[in-house]
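Here's data18.pdb, which has PDB, C-alpha atoms:
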```pdb
ATOM      1  CA  MET A 182      10.030 -11.103  37.291  1.00  0.00           C
ATOM      2  CA  ASN A 183       9.784  -7.527  38.484  1.00  0.00           C
ATOM      3  CA  THR A 184       9.726  -5.218  35.444  1.00  0.00           C
ATOM      4  CA  ALA A 185      12.274  -2.944  37.121  1.00  0.00           C
ATOM      5  CA  GLN A 186      14.768  -5.826  36.830  1.00  0.00           C
ATOM      6  CA  GLN A 187      14.102  -6.538  33.154  1.00  0.00           C
ATOM      7  CA  PRO A 188      16.331  -4.974  30.507  1.00  0.00           C
ATOM      8  CA  ASP A 189      14.821  -2.428  28.156  1.00  0.00           C
ATOM      9  CA  LEU A 190      15.911  -4.382  25.096  1.00  0.00           C
ATOM     10  CA  TRP A 191      16.742  -7.956  24.175  1.00  0.00           C
ATOM     11  CA  MET A 192      19.045  -8.976  21.338  1.00  0.00           C
ATOM     12  CA  THR A 193      19.719 -12.138  19.395  1.00  0.00           C
ATOM     13  CA  GLU A 194      21.733 -12.969  16.302  1.00  0.00           C
ATOM     14  CA  MET A 195      20.779 -15.042  13.306  1.00  0.00           C
ATOM     15  CA  SER A 196      22.658 -16.237  10.261  1.00  0.00           C
ATOM     16  CA  SER A 197      21.175 -15.251   6.927  1.00  0.00           C
ATOM     17  CA  PRO A 198      22.205 -15.241   3.267  1.00  0.00           C
ATOM     18  CA  VAL A 199      23.204 -11.578   3.702  1.00  0.00           C
ATOM     19  CA  GLY A 200      25.298 -12.194   6.814  1.00  0.00           C
ATOM     20  CA  VAL A 201      24.723 -12.346  10.542  1.00  0.00           C
ATOM     21  CA  LEU A 202      21.840 -10.089  11.526  1.00  0.00           C
ATOM     22  CA  ARG A 203      21.393  -8.761  15.054  1.00  0.00           C
ATOM     23  CA  LEU A 204      17.745  -8.415  16.045  1.00  0.00           C
ATOM     24  CA  VAL A 205      16.728  -6.165  18.914  1.00  0.00           C
ATOM     25  CA  ALA A 206      13.285  -6.114  20.516  1.00  0.00           C
ATOM     26  CA  SER A 207      11.559  -4.357  23.362  1.00  0.00           C
ATOM     27  CA  ALA A 208       8.670  -5.817  25.286  1.00  0.00           C
ATOM     28  CA  SER A 209       6.285  -4.362  22.676  1.00  0.00           C
ATOM     29  CA  GLY A 210       7.963  -5.047  19.335  1.00  0.00           C
ATOM     30  CA  LEU A 211      10.965  -5.455  17.067  1.00  0.00           C
ATOM     31  CA  ARG A 212      13.070  -2.311  17.288  1.00  0.00           C
ATOM     32  CA  HIS A 213      16.163  -2.982  15.143  1.00  0.00           C
ATOM     33  CA  VAL A 214      17.598  -5.240  12.497  1.00  0.00           C
ATOM     34  CA  TYR A 215      21.325  -4.546  12.499  1.00  0.00           C
ATOM     35  CA  TRP A 216      23.481  -5.508   9.534  1.00  0.00           C
ATOM     36  CA  PRO A 217      26.903  -7.133   9.999  1.00  0.00           C
ATOM     37  CA  ASN A 218      28.567  -3.759   9.274  1.00  0.00           C
ATOM     38  CA  ASP A 219      26.303  -1.784  11.664  1.00  0.00           C
ATOM     39  CA  ARG A 220      27.832  -0.345  14.788  1.00  0.00           C
ATOM     40  CA  GLY A 221      24.511   0.238  16.536  1.00  0.00           C
ATOM     41  CA  THR A 222      24.558   1.061  20.202  1.00  0.00           C
ATOM     42  CA  LEU A 223      23.314  -1.858  22.236  1.00  0.00           C
ATOM     43  CA  THR A 224      23.462  -0.406  25.732  1.00  0.00           C
ATOM     44  CA  SER A 225      21.043  -1.937  28.227  1.00  0.00           C
ATOM     45  CA  THR A 226      20.529  -4.831  25.821  1.00  0.00           C
ATOM     46  CA  ARG A 227      20.477  -8.382  27.070  1.00  0.00           C
ATOM     47  CA  ARG A 228      21.677 -11.075  24.668  1.00  0.00           C
ATOM     48  CA  VAL A 229      19.242 -14.012  24.625  1.00  0.00           C
ATOM     49  CA  ASN A 230      18.362 -17.084  22.618  1.00  0.00           C
ATOM     50  CA  PRO A 231      15.344 -16.330  20.422  1.00  0.00           C
ATOM     51  CA  GLN A 232      13.262 -18.824  22.417  1.00  0.00           C
ATOM     52  CA  GLU A 233      13.627 -16.565  25.469  1.00  0.00           C
ATOM     53  CA  HIS A 234      11.731 -13.673  23.855  1.00  0.00           C
ATOM     54  CA  PRO A 235       8.527 -14.245  21.857  1.00  0.00           C
ATOM     55  CA  ILE A 236       9.036 -11.287  19.513  1.00  0.00           C
ATOM     56  CA  LEU A 237      12.616 -12.283  18.715  1.00  0.00           C
ATOM     57  CA  LEU A 238      11.540 -15.878  18.181  1.00  0.00           C
ATOM     58  CA  GLU A 239       8.828 -14.783  15.743  1.00  0.00           C
ATOM     59  CA  ALA A 240      11.229 -12.388  13.982  1.00  0.00           C
ATOM     60  CA  VAL A 241      13.816 -15.147  13.464  1.00  0.00           C
ATOM     61  CA  GLU A 242      11.142 -17.551  12.213  1.00  0.00           C
ATOM     62  CA  GLN A 243       9.696 -15.009   9.780  1.00  0.00           C
ATOM     63  CA  LEU A 244      13.121 -13.929   8.504  1.00  0.00           C
ATOM     64  CA  ASP A 245      14.031 -17.602   7.959  1.00  0.00           C
ATOM     65  CA  GLU A 246      10.787 -18.034   5.976  1.00  0.00           C
ATOM     66  CA  TYR A 247      11.541 -14.867   3.996  1.00  0.00           C
ATOM     67  CA  PHE A 248      15.003 -16.123   3.061  1.00  0.00           C
ATOM     68  CA  ALA A 249      13.520 -19.525   2.170  1.00  0.00           C
ATOM     69  CA  GLY A 250      11.221 -17.718  -0.267  1.00  0.00           C
ATOM     70  CA  THR A 251       8.006 -18.712   1.510  1.00  0.00           C
ATOM     71  CA  LEU A 252       7.173 -15.419   3.298  1.00  0.00           C
ATOM     72  CA  ARG A 253       6.342 -12.304   1.313  1.00  0.00           C
ATOM     73  CA  GLN A 254       4.996 -10.000   4.000  1.00  0.00           C
ATOM     74  CA  PHE A 255       6.077  -9.731   7.622  1.00  0.00           C
ATOM     75  CA  HIS A 256       3.560  -9.764  10.446  1.00  0.00           C
ATOM     76  CA  LEU A 257       5.535  -8.618  13.456  1.00  0.00           C
ATOM     77  CA  PRO A 258       4.815  -6.092  16.157  1.00  0.00           C
ATOM     78  CA  LEU A 259       7.196  -3.179  15.645  1.00  0.00           C
ATOM     79  CA  ASP A 260       8.499  -0.676  18.178  1.00  0.00           C
ATOM     80  CA  LEU A 261       9.520   2.127  15.832  1.00  0.00           C
ATOM     81  CA  ARG A 262      11.321   5.102  17.352  1.00  0.00           C
ATOM     82  CA  GLY A 263      11.665   8.161  15.162  1.00  0.00           C
ATOM     83  CA  THR A 264      10.024  11.392  14.176  1.00  0.00           C
ATOM     84  CA  GLU A 265       6.427  11.389  12.990  1.00  0.00           C
ATOM     85  CA  PHE A 266       7.673  11.819   9.409  1.00  0.00           C
ATOM     86  CA  GLN A 267      10.184   8.967   9.695  1.00  0.00           C
ATOM     87  CA  VAL A 268       7.578   6.556  11.049  1.00  0.00           C
ATOM     88  CA  LEU A 269       5.193   7.577   8.256  1.00  0.00           C
ATOM     89  CA  ALA A 270       7.916   6.968   5.656  1.00  0.00           C
ATOM     90  CA  TRP A 271       8.933   3.639   7.220  1.00  0.00           C
ATOM     91  CA  ASN A 272       5.365   2.367   7.328  1.00  0.00           C
ATOM     92  CA  ALA A 273       4.922   3.306   3.650  1.00  0.00           C
ATOM     93  CA  LEU A 274       7.723   0.863   2.820  1.00  0.00           C
ATOM     94  CA  ALA A 275       5.413  -2.016   3.750  1.00  0.00           C
ATOM     95  CA  THR A 276       3.105  -1.054   0.863  1.00  0.00           C
ATOM     96  CA  ILE A 277       5.717  -1.863  -1.788  1.00  0.00           C
ATOM     97  CA  PRO A 278       4.802  -5.335  -3.066  1.00  0.00           C
ATOM     98  CA  TYR A 279       7.209  -8.240  -2.676  1.00  0.00           C
ATOM     99  CA  GLY A 280       9.500  -8.525  -5.679  1.00  0.00           C
ATOM    100  CA  HIS A 281       8.723  -5.014  -6.916  1.00  0.00           C
ATOM    101  CA  THR A 282      10.462  -1.689  -6.539  1.00  0.00           C
ATOM    102  CA  ALA A 283       9.363   1.897  -6.045  1.00  0.00           C
ATOM    103  CA  THR A 284      11.145   5.229  -6.292  1.00  0.00           C
ATOM    104  CA  TYR A 285      11.687   7.745  -3.518  1.00  0.00           C
ATOM    105  CA  SER A 286       9.306  10.026  -5.405  1.00  0.00           C
ATOM    106  CA  THR A 287       6.590   7.365  -5.426  1.00  0.00           C
ATOM    107  CA  GLN A 288       7.046   6.844  -1.708  1.00  0.00           C
ATOM    108  CA  ALA A 289       6.771  10.608  -1.099  1.00  0.00           C
ATOM    109  CA  VAL A 290       3.519  10.738  -3.082  1.00  0.00           C
ATOM    110  CA  ARG A 291       2.137   7.743  -1.156  1.00  0.00           C
ATOM    111  CA  ILE A 292       2.498   9.568   2.146  1.00  0.00           C
ATOM    112  CA  GLY A 293       1.011  12.775   0.750  1.00  0.00           C
ATOM    113  CA  ARG A 294       4.323  14.685   0.680  1.00  0.00           C
ATOM    114  CA  PRO A 295       5.246  14.754  -3.044  1.00  0.00           C
ATOM    115  CA  THR A 296       8.024  17.320  -2.593  1.00  0.00           C
ATOM    116  CA  ALA A 297       9.690  15.457   0.289  1.00  0.00           C
ATOM    117  CA  VAL A 298      11.798  13.151  -1.903  1.00  0.00           C
ATOM    118  CA  ARG A 299      15.096  13.960  -0.162  1.00  0.00           C
ATOM    119  CA  ALA A 300      13.486  13.671   3.255  1.00  0.00           C
ATOM    120  CA  ILE A 301      12.169  10.245   2.229  1.00  0.00           C
ATOM    121  CA  GLY A 302      15.715   9.222   1.309  1.00  0.00           C
ATOM    122  CA  ALA A 303      16.998  10.432   4.661  1.00  0.00           C
ATOM    123  CA  ALA A 304      14.212   8.629   6.548  1.00  0.00           C
ATOM    124  CA  ASN A 305      14.796   5.397   4.620  1.00  0.00           C
ATOM    125  CA  GLY A 306      18.481   5.655   5.495  1.00  0.00           C
ATOM    126  CA  LYS A 307      17.488   5.494   9.157  1.00  0.00           C
ATOM    127  CA  ASN A 308      14.988   2.635   8.781  1.00  0.00           C
ATOM    128  CA  PRO A 309      15.687   0.610  11.922  1.00  0.00           C
ATOM    129  CA  VAL A 310      14.054  -2.615  10.710  1.00  0.00           C
ATOM    130  CA  SER A 311      15.272  -3.076   7.158  1.00  0.00           C
ATOM    131  CA  ILE A 312      14.157  -6.207   5.357  1.00  0.00           C
ATOM    132  CA  VAL A 313      11.042  -6.254   7.591  1.00  0.00           C
ATOM    133  CA  LEU A 314      10.138  -2.768   6.327  1.00  0.00           C
ATOM    134  CA  PRO A 315      11.682  -3.208   2.866  1.00  0.00           C
ATOM    135  CA  CYS A 316      13.714  -0.096   2.129  1.00  0.00           C
ATOM    136  CA  HIS A 317      15.761  -2.304  -0.222  1.00  0.00           C
ATOM    137  CA  ARG A 318      12.802  -2.056  -2.640  1.00  0.00           C
ATOM    138  CA  VAL A 319      13.333   1.693  -3.075  1.00  0.00           C
ATOM    139  CA  ILE A 320      15.491   2.654  -6.043  1.00  0.00           C
ATOM    140  CA  GLY A 321      16.526   5.814  -7.847  1.00  0.00           C
ATOM    141  CA  ALA A 322      14.246   7.498 -10.384  1.00  0.00           C
ATOM    142  CA  ASP A 323      16.537   6.228 -13.149  1.00  0.00           C
ATOM    143  CA  GLY A 324      16.217   2.636 -11.913  1.00  0.00           C
ATOM    144  CA  SER A 325      19.634   2.616 -10.247  1.00  0.00           C
ATOM    145  CA  LEU A 326      20.422   1.068  -6.898  1.00  0.00           C
ATOM    146  CA  THR A 327      20.969   3.742  -4.293  1.00  0.00           C
ATOM    147  CA  GLY A 328      22.254   3.784  -0.718  1.00  0.00           C
ATOM    148  CA  PHE A 329      21.410   0.940   1.619  1.00  0.00           C
ATOM    149  CA  ALA A 330      22.496   0.254   5.208  1.00  0.00           C
ATOM    150  CA  GLY A 331      23.471  -3.324   4.362  1.00  0.00           C
ATOM    151  CA  GLY A 332      25.457  -2.179   1.319  1.00  0.00           C
ATOM    152  CA  LEU A 333      24.497  -2.220  -2.356  1.00  0.00           C
ATOM    153  CA  PRO A 334      25.519  -5.882  -2.878  1.00  0.00           C
ATOM    154  CA  ALA A 335      23.065  -6.914  -0.133  1.00  0.00           C
ATOM    155  CA  LYS A 336      20.366  -4.708  -1.669  1.00  0.00           C
ATOM    156  CA  ARG A 337      20.933  -6.353  -5.042  1.00  0.00           C
ATOM    157  CA  GLN A 338      20.861  -9.798  -3.385  1.00  0.00           C
ATOM    158  CA  LEU A 339      17.540  -9.083  -1.641  1.00  0.00           C
ATOM    159  CA  LEU A 340      15.941  -7.768  -4.838  1.00  0.00           C
ATOM    160  CA  ASP A 341      17.195 -10.755  -6.843  1.00  0.00           C
ATOM    161  CA  HIS A 342      15.958 -13.129  -4.135  1.00  0.00           C
ATOM    162  CA  GLU A 343      12.468 -11.619  -4.142  1.00  0.00           C
ATOM    163  CA  GLN A 344      12.171 -11.523  -7.914  1.00  0.00           C
ATOM    164  CA  LEU A 345      13.300 -15.139  -8.185  1.00  0.00           C
ATOM    165  CA  HIS A 346      10.742 -16.332  -5.632  1.00  0.00           C
ATOM    166  CA  ALA A 347       8.005 -14.114  -7.053  1.00  0.00           C
ATOM    167  CA  GLY A 348       8.709 -15.424 -10.564  1.00  0.00           C
ATOM    168  CA  LEU A 349       9.486 -11.893 -11.767  1.00  0.00           C
ATOM    169  CA  THR A 350      12.224 -10.377 -13.848  1.00  0.00           C
ATOM    170  CA  LEU A 351      11.594  -6.735 -13.097  1.00  0.00           C
ATOM    171  CA  PHE A 352      14.951  -5.376 -12.083  1.00  0.00           C
ATOM    172  CA  PRO A 353      16.052  -3.216 -13.581  1.00  0.00           C
ATOM    173  CA  ALA A 354      12.679  -2.194 -14.880  1.00  0.00           C
ATOM    174  CA  SER A 355       9.921   0.257 -14.228  1.00  0.00           C
ATOM    175  CA  PRO A 356       9.146   0.707 -10.559  1.00  0.00           C
ATOM    176  CA  VAL A 357       5.644   0.189  -9.175  1.00  0.00           C
ATOM    177  CA  THR A 358       3.638   3.419  -9.094  1.00  0.00           C
TER     178      THR A 358
END
```
Go ahead and express the file in the form of C-alpha cells.
Amino acid sequence: MNTAQQPDLWMTEMSSPVGVLRLVASASGLRHVYWPNDRGTLTSTRRVNPQEHPILLEAVEQLDEYFAGTLRQFHLPLDLRGTEFQVLAWNALATIPYGHTATYSTQAVRIGRPTAVRAIGAANGKNPVSIVLPCHRVIGADGSLTGFAGGLPAKRQLLDHEQLHAGLTLFPASPVT
C-alpha cells in the first residue's frame, strides 16, 4: 500500500478490568492509551482489529498479560509526543518497580530536576500511555492517592492489582526512593 494512502494513526479497543481502553498507534509505536472517560481527539485515526496492526496486537497482548498478573514490565515501541521535559518524565515512570510506588519528588530527583516537582505532576497528568508507563505508581509525599487520568478508583485498582500479584502489601506505605 502506498504510504500516502495509509492513515497516520490506527486505533483499537480492548476490554480490561478498568474499563474499555482505546489504544492508538502510529507506524512506529504506541501513542495513546485512552481511558473510558477520555475524550481524546482521534482525527485521521483508522479503527482496526488488533491483528491488522502489529503494534496494537502486541499492546493488547501485553496489557492482557499485565491484567492477568503475568507481565510486570512492558516491552513496546512507543511514539511519545511531548516536550523534552515531558518525555523525560514519562520515561522515568518506567523505572518505578512493579507493585511499588514513588513520589513526585522522587521522580523529579531521578531525572536530575529536584525542584521540578510540580512540573513532574503536570507532565504525569499528560502521560499519553498510562499503565504502559505507570503514572499510577506515583503518589503524594504523604502517601495519598493523587490525580489520575483514569480516576482515583482505577488508580487504586491498578495499585492493588500489582501488589497482589507481586505478593506485596505496600500501599499505603513508604514509597520507593
**OP:** Find the distance between atom CA of His281 of chain A and atom CA of His256 of chain A and write it in Å to one decimal.
**Re:**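 One can read the atom CA of His281 of chain A to atom CA of His256 of chain A distance as 18.7 Å.
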Show me, as a PDB file with C-alpha atoms, keeping the file's coordinate frame, the residues that have an atom within 12 Å of segment 235-251 of chain A when counting all atoms listed in the file, minus same-chain residues fewer than 4 positions from it.
```pdb
ATOM      1  CA  LEU A 190      15.911  -4.382  25.096  1.00  0.00           C
ATOM      2  CA  TRP A 191      16.742  -7.956  24.175  1.00  0.00           C
ATOM      3  CA  MET A 192      19.045  -8.976  21.338  1.00  0.00           C
ATOM      4  CA  THR A 193      19.719 -12.138  19.395  1.00  0.00           C
ATOM      5  CA  GLU A 194      21.733 -12.969  16.302  1.00  0.00           C
ATOM      6  CA  MET A 195      20.779 -15.042  13.306  1.00  0.00           C
ATOM      7  CA  SER A 196      22.658 -16.237  10.261  1.00  0.00           C
ATOM      8  CA  SER A 197      21.175 -15.251   6.927  1.00  0.00           C
ATOM      9  CA  PRO A 198      22.205 -15.241   3.267  1.00  0.00           C
ATOM     10  CA  VAL A 199      23.204 -11.578   3.702  1.00  0.00           C
ATOM     11  CA  GLY A 200      25.298 -12.194   6.814  1.00  0.00           C
ATOM     12  CA  VAL A 201      24.723 -12.346  10.542  1.00  0.00           C
ATOM     13  CA  LEU A 202      21.840 -10.089  11.526  1.00  0.00           C
ATOM     14  CA  ARG A 203      21.393  -8.761  15.054  1.00  0.00           C
ATOM     15  CA  LEU A 204      17.745  -8.415  16.045  1.00  0.00           C
ATOM     16  CA  VAL A 205      16.728  -6.165  18.914  1.00  0.00           C
ATOM     17  CA  ALA A 206      13.285  -6.114  20.516  1.00  0.00           C
ATOM     18  CA  SER A 207      11.559  -4.357  23.362  1.00  0.00           C
ATOM     19  CA  ALA A 208       8.670  -5.817  25.286  1.00  0.00           C
ATOM     20  CA  SER A 209       6.285  -4.362  22.676  1.00  0.00           C
ATOM     21  CA  GLY A 210       7.963  -5.047  19.335  1.00  0.00           C
ATOM     22  CA  LEU A 211      10.965  -5.455  17.067  1.00  0.00           C
ATOM     23  CA  ARG A 212      13.070  -2.311  17.288  1.00  0.00           C
ATOM     24  CA  HIS A 213      16.163  -2.982  15.143  1.00  0.00           C
ATOM     25  CA  VAL A 214      17.598  -5.240  12.497  1.00  0.00           C
ATOM     26  CA  ARG A 228      21.677 -11.075  24.668  1.00  0.00           C
ATOM     27  CA  VAL A 229      19.242 -14.012  24.625  1.00  0.00           C
ATOM     28  CA  ASN A 230      18.362 -17.084  22.618  1.00  0.00           C
ATOM     29  CA  PRO A 231      15.344 -16.330  20.422  1.00  0.00           C
ATOM     30  CA  PHE A 255       6.077  -9.731   7.622  1.00  0.00           C
ATOM     31  CA  HIS A 256       3.560  -9.764  10.446  1.00  0.00           C
ATOM     32  CA  LEU A 257       5.535  -8.618  13.456  1.00  0.00           C
ATOM     33  CA  PRO A 258       4.815  -6.092  16.157  1.00  0.00           C
ATOM     34  CA  LEU A 259       7.196  -3.179  15.645  1.00  0.00           C
ATOM     35  CA  ASP A 260       8.499  -0.676  18.178  1.00  0.00           C
ATOM     36  CA  TYR A 279       7.209  -8.240  -2.676  1.00  0.00           C
ATOM     37  CA  GLY A 280       9.500  -8.525  -5.679  1.00  0.00           C
ATOM     38  CA  VAL A 310      14.054  -2.615  10.710  1.00  0.00           C
ATOM     39  CA  SER A 311      15.272  -3.076   7.158  1.00  0.00           C
ATOM     40  CA  ILE A 312      14.157  -6.207   5.357  1.00  0.00           C
ATOM     41  CA  VAL A 313      11.042  -6.254   7.591  1.00  0.00           C
ATOM     42  CA  LEU A 314      10.138  -2.768   6.327  1.00  0.00           C
ATOM     43  CA  PRO A 315      11.682  -3.208   2.866  1.00  0.00           C
ATOM     44  CA  GLN A 338      20.861  -9.798  -3.385  1.00  0.00           C
ATOM     45  CA  LEU A 339      17.540  -9.083  -1.641  1.00  0.00           C
ATOM     46  CA  LEU A 340      15.941  -7.768  -4.838  1.00  0.00           C
ATOM     47  CA  ASP A 341      17.195 -10.755  -6.843  1.00  0.00           C
ATOM     48  CA  HIS A 342      15.958 -13.129  -4.135  1.00  0.00           C
ATOM     49  CA  GLU A 343      12.468 -11.619  -4.142  1.00  0.00           C
ATOM     50  CA  GLN A 344      12.171 -11.523  -7.914  1.00  0.00           C
ATOM     51  CA  LEU A 345      13.300 -15.139  -8.185  1.00  0.00           C
ATOM     52  CA  HIS A 346      10.742 -16.332  -5.632  1.00  0.00           C
ATOM     53  CA  ALA A 347       8.005 -14.114  -7.053  1.00  0.00           C
ATOM     54  CA  GLY A 348       8.709 -15.424 -10.564  1.00  0.00           C
TER      55      GLY A 348
END
```
**OP:** List the neighbours of Gly306 of chain A out to 10 Å using only C-alpha atoms; skip same-chain residues closer than 2 positions along the sequence, and give me the result as number ranges by chain.
**Re:** A: 267, 271, 300-304, 308-309, 311, 316, 328-330
Subject >> Tyr285 of chain A surroundings by all atoms listed in the file, 8 Å radius, close-in-sequence under 4 positions cut, as a PyMOL selection string >> reply: chain A and resi 289+298-299+301-302+319-322
Subject >> Shell of 9 Å around Gln288 of chain A, only C-alpha atoms, local chain residues under 5 positions omitted, as a PyMOL selection string >> reply: chain A and resi 270+273-274+277+283+293-295+298+301+319+358
Original post:
Which distance in Å separates atom CA of His317 of chain A and atom CA of Gln254 of chain A, to one decimal?
Top reply: 13.9 Å
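Between atom CA of Val290 of chain A and atom CA of Trp216 of chain A lies a distance of 28.7 Å.
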Box in all listed atoms of segment 310-328 of chain A, axis-aligned, with 5 Å more on each side; write out centre and edge lengths in Å to one decimal as lines of an AutoDock Vina configuration file.
```
center_x = 16.2
center_y = 0.6
center_z = -1.2
size_x = 22.1
size_y = 23.8
size_z = 33.9
```
